[in-house]
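Engineer: Just so it is clear, I am handing over data07.cif, which has mmCIF, C-alpha atoms.
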data_final
#
loop_
_atom_site.group_PDB
_atom_site.id
_atom_site.type_symbol
_atom_site.label_atom_id
_atom_site.label_comp_id
_atom_site.auth_asym_id
_atom_site.auth_seq_id
_atom_site.Cartn_x
_atom_site.Cartn_y
_atom_site.Cartn_z
ATOM 1 C CA MET A 582 -3.461 13.948 15.315
ATOM 2 C CA LYS A 583 -4.303 13.712 11.628
ATOM 3 C CA VAL A 584 -5.758 10.721 9.812
ATOM 4 C CA VAL A 585 -4.946 10.856 6.096
ATOM 5 C CA ALA A 586 -6.130 8.947 3.026
ATOM 6 C CA LYS A 587 -3.255 7.649 0.879
ATOM 7 C CA GLY A 588 -3.436 6.078 -2.565
ATOM 8 C CA PHE A 589 -1.947 2.710 -3.491
ATOM 9 C CA SER A 590 -1.891 0.237 -6.358
ATOM 10 C CA VAL A 591 -1.653 -3.548 -6.612
ATOM 11 C CA GLN A 592 -0.871 -5.654 -9.663
ATOM 12 C CA ALA A 593 -0.749 -9.424 -10.077
ATOM 13 C CA GLY A 594 2.722 -10.846 -10.659
ATOM 14 C CA ASN A 595 1.739 -13.932 -12.654
ATOM 15 C CA SER A 596 -1.154 -15.094 -14.827
ATOM 16 C CA HIS A 597 -2.265 -17.880 -12.485
ATOM 17 C CA VAL A 598 -3.171 -15.846 -9.391
ATOM 18 C CA SER A 599 -5.147 -12.609 -9.648
ATOM 19 C CA VAL A 600 -5.764 -9.805 -7.173
ATOM 20 C CA ASP A 601 -9.379 -11.019 -7.030
ATOM 21 C CA ASP A 602 -8.116 -14.440 -5.906
ATOM 22 C CA VAL A 603 -6.283 -12.786 -3.006
ATOM 23 C CA LEU A 604 -9.341 -10.753 -1.995
ATOM 24 C CA SER A 605 -11.617 -13.805 -2.087
ATOM 25 C CA TRP A 606 -9.177 -15.832 0.020
ATOM 26 C CA MET A 607 -8.815 -13.009 2.542
ATOM 27 C CA GLU A 608 -12.602 -12.673 2.746
ATOM 28 C CA GLY A 609 -12.796 -16.370 3.579
ATOM 29 C CA SER A 610 -10.392 -15.900 6.509
ATOM 30 C CA SER A 611 -11.632 -12.413 7.411
ATOM 31 C CA GLY A 612 -10.688 -11.356 10.939
ATOM 32 C CA ALA A 613 -8.319 -14.253 11.635
ATOM 33 C CA PRO A 614 -5.422 -13.248 13.946
ATOM 34 C CA ASP A 615 -2.061 -12.751 12.213
ATOM 35 C CA LEU A 616 1.111 -12.584 14.323
ATOM 36 C CA THR A 617 3.710 -12.647 11.530
ATOM 37 C CA LYS A 618 4.728 -8.976 11.897
ATOM 38 C CA GLY A 619 5.343 -9.000 15.648
ATOM 39 C CA LEU A 620 1.907 -7.649 16.626
ATOM 40 C CA GLU A 621 -1.507 -9.222 16.431
ATOM 41 C CA ARG A 622 -3.364 -7.902 13.425
ATOM 42 C CA ARG A 623 -6.769 -8.865 12.090
ATOM 43 C CA ILE A 624 -7.670 -7.965 8.506
ATOM 44 C CA TYR A 625 -11.375 -7.905 7.730
ATOM 45 C CA VAL A 626 -12.233 -8.054 4.028
ATOM 46 C CA SER A 627 -15.406 -7.778 2.001
ATOM 47 C CA ALA A 628 -14.295 -8.702 -1.524
ATOM 48 C CA GLY A 629 -17.134 -6.731 -3.095
ATOM 49 C CA GLU A 630 -17.736 -9.162 -5.948
ATOM 50 C CA GLY A 631 -20.088 -7.505 -8.421
ATOM 51 C CA GLN A 632 -19.893 -4.182 -6.555
ATOM 52 C CA GLY A 633 -16.780 -2.642 -8.079
ATOM 53 C CA PHE A 634 -14.855 -1.980 -4.861
ATOM 54 C CA ALA A 635 -13.508 -4.316 -2.218
ATOM 55 C CA ARG A 636 -13.570 -2.968 1.336
ATOM 56 C CA GLY A 637 -11.352 -3.733 4.292
ATOM 57 C CA LEU A 638 -10.471 -2.958 7.899
ATOM 58 C CA VAL A 639 -7.053 -3.578 9.482
ATOM 59 C CA VAL A 640 -7.112 -3.905 13.285
ATOM 60 C CA THR A 641 -3.844 -3.855 15.228
ATOM 61 C CA VAL A 642 -4.194 -5.240 18.755
ATOM 62 C CA ARG A 643 -1.832 -3.863 21.408
ATOM 63 C CA ASP A 644 -0.733 -6.235 24.168
ATOM 64 C CA GLN A 645 -0.467 -3.560 26.877
ATOM 65 C CA LYS A 646 -3.006 -3.327 29.686
ATOM 66 C CA LYS A 647 -1.859 -0.023 31.173
ATOM 67 C CA PHE A 648 -1.856 3.439 29.625
ATOM 68 C CA LEU A 649 -1.012 6.871 30.998
ATOM 69 C CA ARG A 650 -3.031 10.050 31.068
ATOM 70 C CA MET A 651 -2.217 13.554 32.252
ATOM 71 C CA ALA A 652 -4.330 15.499 34.708
ATOM 72 C CA GLY A 653 -3.811 19.011 36.045
ATOM 73 C CA ASP A 654 -4.002 22.679 35.147
ATOM 74 C CA GLY A 655 -0.892 22.799 32.964
ATOM 75 C CA GLN A 656 1.527 23.828 35.737
ATOM 76 C CA ASN A 657 0.899 21.166 38.339
ATOM 77 C CA VAL A 658 0.578 18.060 36.187
ATOM 78 C CA VAL A 659 -0.203 14.649 37.622
ATOM 79 C CA ILE A 660 0.388 11.455 35.666
ATOM 80 C CA GLU A 661 -2.288 8.849 36.253
ATOM 81 C CA VAL A 662 -2.253 5.174 35.274
ATOM 82 C CA GLU A 663 -5.340 3.534 33.796
ATOM 83 C CA ASN A 664 -5.800 -0.214 33.557
ATOM 84 C CA LEU A 665 -7.795 -2.177 31.025
ATOM 85 C CA ARG A 666 -9.773 -5.094 32.388
ATOM 86 C CA GLY A 667 -10.484 -8.641 31.300
ATOM 87 C CA ASP A 668 -10.410 -9.128 27.523
ATOM 88 C CA GLN A 669 -10.153 -5.390 26.773
ATOM 89 C CA HIS A 670 -7.252 -4.306 24.539
ATOM 90 C CA LEU A 671 -5.922 -1.109 23.056
ATOM 91 C CA MET A 672 -6.170 -1.128 19.271
ATOM 92 C CA GLU A 673 -5.394 0.836 16.119
ATOM 93 C CA PHE A 674 -7.455 0.831 12.926
ATOM 94 C CA ASN A 675 -7.033 1.381 9.202
ATOM 95 C CA PHE A 676 -9.750 1.283 6.552
ATOM 96 C CA PHE A 677 -9.143 0.632 2.861
ATOM 97 C CA VAL A 678 -11.063 0.411 -0.415
ATOM 98 C CA LEU A 679 -9.790 -1.156 -3.633
ATOM 99 C CA ASN A 680 -11.142 -0.854 -7.166
ATOM 100 C CA ARG A 681 -11.257 -4.476 -8.345
ATOM 101 C CA ALA A 682 -11.133 -3.458 -12.010
ATOM 102 C CA ASN A 683 -7.762 -1.681 -11.949
ATOM 103 C CA GLY A 684 -6.068 -2.446 -8.611
ATOM 104 C CA LEU A 685 -6.098 1.172 -7.389
ATOM 105 C CA GLY A 686 -7.184 1.953 -3.854
ATOM 106 C CA LEU A 687 -7.283 4.263 -0.868
ATOM 107 C CA TYR A 688 -5.848 3.568 2.606
ATOM 108 C CA LEU A 689 -6.643 5.470 5.808
ATOM 109 C CA HIS A 690 -3.561 5.943 8.016
ATOM 110 C CA TYR A 691 -2.379 7.787 11.125
ATOM 111 C CA HIS A 692 0.752 7.766 13.268
ATOM 112 C CA GLN A 693 1.377 4.447 15.055
ATOM 113 C CA SER A 694 -1.286 2.592 13.072
ATOM 114 C CA CYS A 695 -0.372 -0.114 10.542
ATOM 115 C CA SER A 696 1.786 1.575 7.889
ATOM 116 C CA ILE A 697 0.866 1.320 4.229
ATOM 117 C CA ALA A 698 4.152 -0.547 3.629
ATOM 118 C CA ILE A 699 3.252 -3.242 6.175
ATOM 119 C CA PHE A 700 -0.268 -3.438 4.741
ATOM 120 C CA GLY A 701 1.279 -4.028 1.317
ATOM 121 C CA SER A 702 3.525 -6.753 2.711
ATOM 122 C CA PHE A 703 0.445 -8.566 4.075
ATOM 123 C CA LEU A 704 -1.100 -8.583 0.589
ATOM 124 C CA GLN A 705 2.177 -9.746 -0.945
ATOM 125 C CA GLY A 706 2.488 -12.536 1.618
ATOM 126 C CA ARG A 707 -0.971 -13.835 0.840
ATOM 127 C CA TYR A 708 -0.313 -13.628 -2.890
ATOM 128 C CA HIS A 709 2.890 -15.642 -2.412
ATOM 129 C CA THR A 710 1.012 -18.304 -0.438
ATOM 130 C CA LEU A 711 -1.637 -18.689 -3.157
ATOM 131 C CA SER A 712 1.017 -18.801 -5.898
ATOM 132 C CA ARG A 713 2.973 -21.473 -4.027
ATOM 133 C CA SER A 714 -0.162 -23.581 -3.468
ATOM 134 C CA GLY A 715 -1.101 -23.274 -7.139
ATOM 135 C CA ARG A 716 2.400 -24.225 -8.232
ATOM 136 C CA GLU A 717 2.506 -27.263 -5.968
ATOM 137 C CA ALA A 718 -0.873 -28.455 -7.261
ATOM 138 C CA ALA A 719 0.224 -27.942 -10.870
ATOM 139 C CA GLU A 720 3.467 -29.826 -10.257
ATOM 140 C CA ALA A 721 1.578 -32.734 -8.694
ATOM 141 C CA ALA A 722 -0.721 -32.859 -11.729
ATOM 142 C CA LEU A 723 2.293 -33.284 -14.025
ATOM 143 C CA GLY A 724 3.159 -36.611 -12.469
ATOM 144 C CA ASP A 725 6.514 -38.221 -11.874
ATOM 145 C CA ASP A 726 7.341 -38.524 -15.572
ATOM 146 C CA ALA A 727 7.591 -34.770 -16.194
ATOM 147 C CA SER A 728 11.019 -33.634 -17.353
ATOM 148 C CA ALA A 729 13.135 -31.232 -15.326
ATOM 149 C CA ARG A 730 12.667 -28.600 -18.041
ATOM 150 C CA VAL A 731 8.875 -28.833 -17.911
ATOM 151 C CA VAL A 732 8.928 -28.492 -14.108
ATOM 152 C CA ARG A 733 11.330 -25.552 -14.303
ATOM 153 C CA ASP A 734 9.158 -23.754 -16.865
ATOM 154 C CA LEU A 735 6.076 -24.353 -14.740
ATOM 155 C CA ARG A 736 7.745 -22.867 -11.677
ATOM 156 C CA LYS A 737 8.664 -19.753 -13.660
ATOM 157 C CA GLU A 738 5.000 -19.260 -14.524
ATOM 158 C CA PHE A 739 4.153 -18.966 -10.818
ATOM 159 C CA ALA A 740 7.274 -17.019 -9.799
ATOM 160 C CA GLY A 741 5.998 -13.441 -10.175
ATOM 161 C CA LYS A 742 5.279 -11.476 -6.988
ATOM 162 C CA LEU A 743 2.404 -9.113 -6.269
ATOM 163 C CA VAL A 744 3.474 -5.570 -7.138
ATOM 164 C CA PHE A 745 2.369 -3.122 -4.431
ATOM 165 C CA ALA A 746 3.091 0.603 -4.644
ATOM 166 C CA GLN A 747 2.121 3.704 -2.695
ATOM 167 C CA LEU A 748 0.923 6.595 -4.846
ATOM 168 C CA VAL A 749 2.832 9.764 -3.974
ATOM 169 C CA SER A 750 2.661 13.324 -5.219
ATOM 170 C CA ARG A 751 5.648 15.032 -6.797
ATOM 171 C CA GLN A 752 5.555 17.591 -3.990
ATOM 172 C CA GLY A 753 5.450 15.027 -1.186
ATOM 173 C CA LEU A 754 8.069 12.607 -2.502
ATOM 174 C CA GLU A 755 11.108 14.189 -0.847
ATOM 175 C CA ASP A 756 9.575 14.151 2.645
ATOM 176 C CA ILE A 757 8.651 10.462 2.321
ATOM 177 C CA LEU A 758 12.101 9.503 1.049
ATOM 178 C CA LYS A 759 13.847 11.355 3.891
ATOM 179 C CA GLU A 760 12.163 8.985 6.343
ATOM 180 C CA CYS A 761 13.551 5.898 4.580
ATOM 181 C CA LYS A 762 16.608 3.882 5.561
ATOM 182 C CA SER A 763 17.913 3.752 1.977
ATOM 183 C CA ILE A 764 16.931 4.627 -1.592
ATOM 184 C CA GLU A 765 17.748 2.010 -4.212
ATOM 185 C CA SER A 766 16.607 3.334 -7.591
ATOM 186 C CA PHE A 767 14.650 5.923 -9.562
ATOM 187 C CA GLU A 768 12.864 4.908 -12.763
ATOM 188 C CA TYR A 769 10.934 7.268 -15.027
ATOM 189 C CA GLU A 770 9.298 7.549 -18.441
ATOM 190 C CA PHE A 771 9.745 10.648 -20.569
ATOM 191 C CA ALA A 772 6.585 12.706 -20.978
ATOM 192 C CA THR A 773 6.855 13.059 -24.782
ATOM 193 C CA VAL A 774 8.514 11.274 -27.672
ATOM 194 C CA GLU A 775 10.291 14.511 -28.566
ATOM 195 C CA GLN A 776 11.752 14.721 -25.074
ATOM 196 C CA ALA A 777 13.089 11.172 -25.355
ATOM 197 C CA LYS A 778 14.596 11.822 -28.769
ATOM 198 C CA ALA A 779 16.322 14.964 -27.507
ATOM 199 C CA THR A 780 18.662 12.997 -25.273
ATOM 200 C CA PRO A 781 21.820 11.799 -27.057
ATOM 201 C CA ALA A 782 21.585 8.218 -25.803
ATOM 202 C CA THR A 783 21.664 6.062 -28.917
ATOM 203 C CA PRO A 784 20.972 6.212 -32.684
ATOM 204 C CA LEU A 785 17.702 4.430 -31.854
ATOM 205 C CA SER A 786 16.214 7.577 -30.318
ATOM 206 C CA ARG A 787 14.703 8.724 -33.622
ATOM 207 C CA PHE A 788 12.688 5.487 -33.798
ATOM 208 C CA ALA A 789 11.450 5.631 -30.202
ATOM 209 C CA LYS A 790 7.763 5.444 -29.358
ATOM 210 C CA ARG A 791 8.410 5.746 -25.624
ATOM 211 C CA ARG A 792 11.471 5.593 -23.441
ATOM 212 C CA ARG A 793 12.153 4.727 -19.840
ATOM 213 C CA GLU A 794 15.322 5.227 -17.840
ATOM 214 C CA LYS A 795 16.366 3.672 -14.542
ATOM 215 C CA ILE A 796 19.034 5.031 -12.214
ATOM 216 C CA THR A 797 20.406 2.695 -9.552
ATOM 217 C CA PHE A 798 22.099 4.390 -6.613
ATOM 218 C CA VAL A 799 25.291 3.548 -4.778
ATOM 219 C CA SER A 800 24.569 1.712 -1.545
ATOM 220 C CA LYS A 801 24.926 3.738 1.659
ATOM 221 C CA SER A 802 24.298 7.014 -0.196
ATOM 222 C CA PRO A 803 23.173 9.746 2.244
ATOM 223 C CA VAL A 804 19.391 9.524 2.271
ATOM 224 C CA ALA A 805 18.559 13.218 2.835
ATOM 225 C CA ALA A 806 20.840 14.380 0.012
ATOM 226 C CA LEU A 807 19.599 11.667 -2.328
ATOM 227 C CA ALA A 808 15.943 12.420 -1.528
ATOM 228 C CA LYS A 809 16.533 16.062 -2.406
ATOM 229 C CA ALA A 810 18.361 15.124 -5.612
ATOM 230 C CA VAL A 811 15.523 12.852 -6.765
ATOM 231 C CA ALA A 812 12.961 15.583 -6.068
ATOM 232 C CA GLU A 813 15.050 18.105 -8.023
ATOM 233 C CA ALA A 814 15.427 15.648 -10.900
ATOM 234 C CA LEU A 815 11.642 15.440 -11.145
ATOM 235 C CA GLY A 816 11.545 19.168 -11.783
ATOM 236 C CA VAL A 817 14.231 18.985 -14.463
ATOM 237 C CA VAL A 818 13.102 15.851 -16.307
ATOM 238 C CA ALA A 819 9.334 16.417 -15.830
ATOM 239 C CA PRO A 820 8.576 12.747 -16.585
ATOM 240 C CA LYS A 821 5.237 11.300 -17.605
ATOM 241 C CA SER A 822 5.508 8.823 -14.745
ATOM 242 C CA GLY A 823 8.084 7.622 -12.261
ATOM 243 C CA LYS A 824 8.832 5.070 -9.562
ATOM 244 C CA VAL A 825 11.267 5.026 -6.656
ATOM 245 C CA LEU A 826 12.329 1.864 -4.838
ATOM 246 C CA ALA A 827 13.412 2.342 -1.225
ATOM 247 C CA THR A 828 13.677 0.586 2.138
ATOM 248 C CA THR A 829 11.927 1.796 5.283
ATOM 249 C CA VAL A 830 13.593 2.017 8.691
ATOM 250 C CA GLU A 831 11.703 -1.177 9.579
ATOM 251 C CA GLY A 832 13.481 -2.928 6.712
ATOM 252 C CA LYS A 833 10.435 -3.091 4.419
ATOM 253 C CA HIS A 834 11.076 -2.704 0.688
ATOM 254 C CA ILE A 835 8.625 -0.180 -0.764
ATOM 255 C CA SER A 836 7.719 1.066 -4.210
ATOM 256 C CA LEU A 837 6.609 4.695 -4.556
ATOM 257 C CA LYS A 838 4.675 5.481 -7.719
ATOM 258 C CA ILE A 839 4.929 9.189 -8.573
ATOM 259 C CA SER A 840 1.654 10.689 -9.812
ATOM 260 C CA ASP A 841 -0.013 14.022 -10.389
ATOM 261 C CA ILE A 842 -2.110 13.733 -7.249
ATOM 262 C CA PRO A 843 -2.640 15.720 -4.050
ATOM 263 C CA GLU A 844 -0.383 14.916 -1.110
ATOM 264 C CA HIS A 845 -3.409 13.368 0.643
ATOM 265 C CA PHE A 846 -6.834 12.585 -0.817
ATOM 266 C CA ALA A 847 -8.564 13.426 2.474
ATOM 267 C CA GLU A 848 -7.602 14.502 5.966
ATOM 268 C CA TYR A 849 -9.477 14.052 9.255
ATOM 269 C CA GLU A 850 -8.944 14.658 12.940
ATOM 270 C CA TYR A 851 -8.305 11.413 14.793
ATOM 271 C CA ASP A 852 -10.854 12.178 17.517
ATOM 272 C CA GLU A 853 -13.571 12.674 14.897
ATOM 273 C CA ILE A 854 -12.893 9.365 13.142
ATOM 274 C CA ALA A 855 -12.373 7.411 16.367
ATOM 275 C CA GLY A 856 -15.647 8.757 17.744
ATOM 276 C CA ARG A 857 -17.503 7.403 14.733
ATOM 277 C CA LEU A 858 -16.243 3.882 15.418
ATOM 278 C CA ASP A 859 -17.907 3.535 18.807
ATOM 279 C CA LYS A 860 -19.785 0.200 19.045
ATOM 280 C CA LEU A 861 -18.737 -0.862 15.532
ATOM 281 C CA ASN A 862 -19.378 -4.571 15.066
ATOM 282 C CA THR A 863 -16.624 -5.947 12.815
ATOM 283 C CA ALA A 864 -19.146 -8.363 11.291
ATOM 284 C CA GLU A 865 -20.819 -5.307 9.754
ATOM 285 C CA PHE A 866 -17.729 -3.171 9.071
ATOM 286 C CA ALA A 867 -18.249 -3.076 5.276
ATOM 287 C CA SER A 868 -21.377 -0.925 5.598
ATOM 288 C CA HIS A 869 -19.692 1.744 7.743
ATOM 289 C CA PRO A 870 -20.130 5.321 6.399
ATOM 290 C CA ILE A 871 -16.362 5.929 6.491
ATOM 291 C CA LEU A 872 -15.940 3.323 3.747
ATOM 292 C CA ASP A 873 -18.788 4.929 1.796
ATOM 293 C CA GLU A 874 -16.915 8.231 1.987
ATOM 294 C CA MET A 875 -13.656 6.649 0.863
ATOM 295 C CA GLU A 876 -15.298 5.080 -2.155
ATOM 296 C CA HIS A 877 -16.973 8.407 -2.947
ATOM 297 C CA ILE A 878 -13.542 10.093 -2.867
ATOM 298 C CA CYS A 879 -12.302 7.589 -5.456
ATOM 299 C CA ARG A 880 -15.327 8.120 -7.711
ATOM 300 C CA SER A 881 -15.399 11.910 -7.354
ATOM 301 C CA GLU A 882 -14.781 14.226 -10.290
ATOM 302 C CA ASP A 883 -11.464 15.345 -8.782
ATOM 303 C CA ASN A 884 -10.073 11.834 -8.367
ATOM 304 C CA ARG A 885 -11.795 9.569 -10.876
ATOM 305 C CA ALA A 886 -8.915 9.984 -13.353
ATOM 306 C CA THR A 887 -6.661 8.377 -10.722
ATOM 307 C CA PHE A 888 -8.860 5.653 -9.221
ATOM 308 C CA MET A 889 -11.362 4.866 -11.984
ATOM 309 C CA ALA A 890 -8.895 4.674 -14.882
ATOM 310 C CA GLU A 891 -9.508 1.839 -17.341
ATOM 311 C CA PHE A 892 -6.509 -0.217 -18.429
ATOM 312 C CA LYS A 893 -6.325 -2.259 -21.604
ATOM 313 C CA GLU A 894 -5.054 -5.819 -21.392
#
As structure tokens - that is how I would like this structure written.
Structural biologist:
Amino acid sequence: MKVVAKGFSVQAGNSHVSVDDVLSWMEGSSGAPDLTKGLERRIYVSAGEGQGFARGLVVTVRDQKKFLRMAGDGQNVVIEVENLRGDQHLMEFNFFVLNRANGLGLYLHYHQSCSIAIFGSFLQGRYHTLSRSGREAAEAALGDDASARVVRDLRKEFAGKLVFAQLVSRQGLEDILKECKSIESFEYEFATVEQAKATPATPLSRFAKRRREKITFVSKSPVAALAKAVAEALGVVAPKSGKVLATTVEGKHISLKISDIPEHFAEYEYDEIAGRLDKLNTAEFASHPILDEMEHICRSEDNRATFMAEFKE
């Protein structure tokens, strides 16, 4: 089984709560059990203040005590049942690193572990909680004499959600979309001004500095055909950038940011990675060599244009 490193991005949705605020809050409650997604998960976070990158570990705890194994010579196979004892539990793991300066990160994933979409929903949930708390405190500070308009404007300031997106390659987009329950929209920006002007959209084209287009799809469109059509459109339009909004089979809304990146930034064998976790104390997870390697991947010559990019305010 393969363990792959996938890229992602996060962006604050309002000016009152930053990504750093979320990381600091999660560090303060690092390792606390979370049962909101149907399974027990514990997210360990080292915010990395002053170090450039935040580091994290997602642990999914399975509630089963029995597991099966196969014994035999291939022809005469015997199924044997193993039992865990006491407080022992089966678990899955995911590591992540996040560049605090630009909100770009790397997430280690394998089949049956916490998906990158669910990981993103955890971050969004925590961002929402902080935004709500900030809004309630700001409303209380206004006092009872504040007008309805002032309160309404204040609430709008806190309304923005955390934007989470998985970075996907142009080549790998179709395969990811085929696994979705539905595809809602495809948004892209033309690569050049000349390309934007060439389309007969409006008389404003000759004044354009940049141009984006968004295509919203008919609900219940066949996913496989639509995934193929979007992939083919990428080849025809050759956009500078693009984004697809879709829904997973678990009902999670996801944003896929199309980039000129490899399909995976790294690939490992599960047995190799799992073997390196033996006796890992979660209190010291942030110093594990796997996280060092992930940060090195982000800073490497091949990938620094993706993960170390500087954005102007």
Engineer: Which of these, A:Arg730, A:His845, A:Arg857, A:His690, has the shortest distance to A:Pro870 once you count all atoms listed in the file?
Structural biologist: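 Answer, going by the shortest atom-to-atom distance: A:Arg857.
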Engineer: Compare A:Ala628, A:Met672, A:Leu743, A:Leu748 by their minimum atom-to-atom distance to A:Gln645, counting all atoms listed in the file, and give me the closest one.
Structural biologist: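 Selected residue with least distance to A:Gln645: A:Met672.
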Engineer: Give me the result of the PyMOL selection byres ((chain A and resi 846) around 12) on this file, residue by residue, as number ranges by chain.
Structural biologist: A: 584-589, 686-690, 748-750, 841-845, 847-849, 874-881, 883-885, 887-888
Engineer: Rounded to one decimal in Å, what is the spacing between atom CA of A:Glu673 and atom CA of A:Trp606?
Structural biologist: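 We find that atom CA of A:Glu673 and atom CA of A:Trp606 lie 23.5 Å from each other.
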Engineer: For A:Val811, which residue among A:Glu865, A:Asp726, A:Glu831, A:Asp756 is the nearest when counting all atoms listed in the file?
Structural biologist: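 Checking each candidate against A:Val811, we get A:Asp756 as the closest.
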Engineer: Determine the residue membership of the PyMOL selection byres ((chain A and resi 598) around 9) for the file above and supply it as a list in words.
Structural biologist: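 In the shown coordinates, the PyMOL selection byres ((chain A and resi 598) around 9) covers Ala593, Gly594, Asn595, Ser596, His597, Ser599, Val600, Asp601, Asp602, Val603, Tyr708, Leu711, Ser712, Gly715 and Phe739 of chain A.
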Engineer: If I only have part of stretch 710-716 of chain A, can you fill in all heavy atoms and write it as a compact mmCIF listing (two decimals), in the frame of the given file?
Structural biologist:
# COMPACT_ATOMS: atom_id res chain seq x y z
N THR A 710 1.56 -17.04 -0.92
CA THR A 710 1.01 -18.30 -0.44
C THR A 710 0.10 -18.95 -1.49
O THR A 710 0.19 -20.16 -1.75
CB THR A 710 0.22 -18.08 0.86
OG1 THR A 710 1.11 -17.56 1.86
CG2 THR A 710 -0.40 -19.38 1.36
N LEU A 711 -0.76 -18.15 -2.12
CA LEU A 711 -1.64 -18.69 -3.16
C LEU A 711 -0.85 -19.16 -4.37
O LEU A 711 -1.16 -20.20 -4.97
CB LEU A 711 -2.65 -17.63 -3.58
CG LEU A 711 -3.81 -17.35 -2.61
CD1 LEU A 711 -4.71 -16.25 -3.16
CD2 LEU A 711 -4.62 -18.62 -2.38
N SER A 712 0.19 -18.40 -4.75
CA SER A 712 1.02 -18.80 -5.90
C SER A 712 1.74 -20.11 -5.62
O SER A 712 1.83 -20.99 -6.48
CB SER A 712 2.03 -17.70 -6.23
OG SER A 712 1.38 -16.52 -6.67
N ARG A 713 2.26 -20.24 -4.40
CA ARG A 713 2.97 -21.47 -4.03
C ARG A 713 2.02 -22.67 -4.04
O ARG A 713 2.37 -23.75 -4.55
CB ARG A 713 3.61 -21.31 -2.65
CG ARG A 713 4.42 -22.52 -2.19
CD ARG A 713 4.96 -22.30 -0.79
NE ARG A 713 3.86 -22.12 0.15
CZ ARG A 713 3.99 -21.58 1.36
NH1 ARG A 713 5.16 -21.14 1.77
NH2 ARG A 713 2.94 -21.46 2.16
N SER A 714 0.82 -22.48 -3.49
CA SER A 714 -0.16 -23.58 -3.47
C SER A 714 -0.55 -23.98 -4.88
O SER A 714 -0.67 -25.18 -5.20
CB SER A 714 -1.41 -23.16 -2.68
OG SER A 714 -1.09 -22.87 -1.34
N GLY A 715 -0.76 -22.99 -5.75
CA GLY A 715 -1.10 -23.27 -7.14
C GLY A 715 0.02 -24.00 -7.86
O GLY A 715 -0.22 -24.93 -8.65
N ARG A 716 1.24 -23.58 -7.60
CA ARG A 716 2.40 -24.22 -8.23
C ARG A 716 2.53 -25.67 -7.78
O ARG A 716 2.78 -26.57 -8.59
CB ARG A 716 3.67 -23.46 -7.88
CG ARG A 716 4.92 -23.96 -8.59
CD ARG A 716 6.15 -23.50 -7.87
NE ARG A 716 6.31 -24.18 -6.60
CZ ARG A 716 6.80 -23.63 -5.49
NH1 ARG A 716 7.18 -22.36 -5.49
NH2 ARG A 716 6.91 -24.33 -4.38
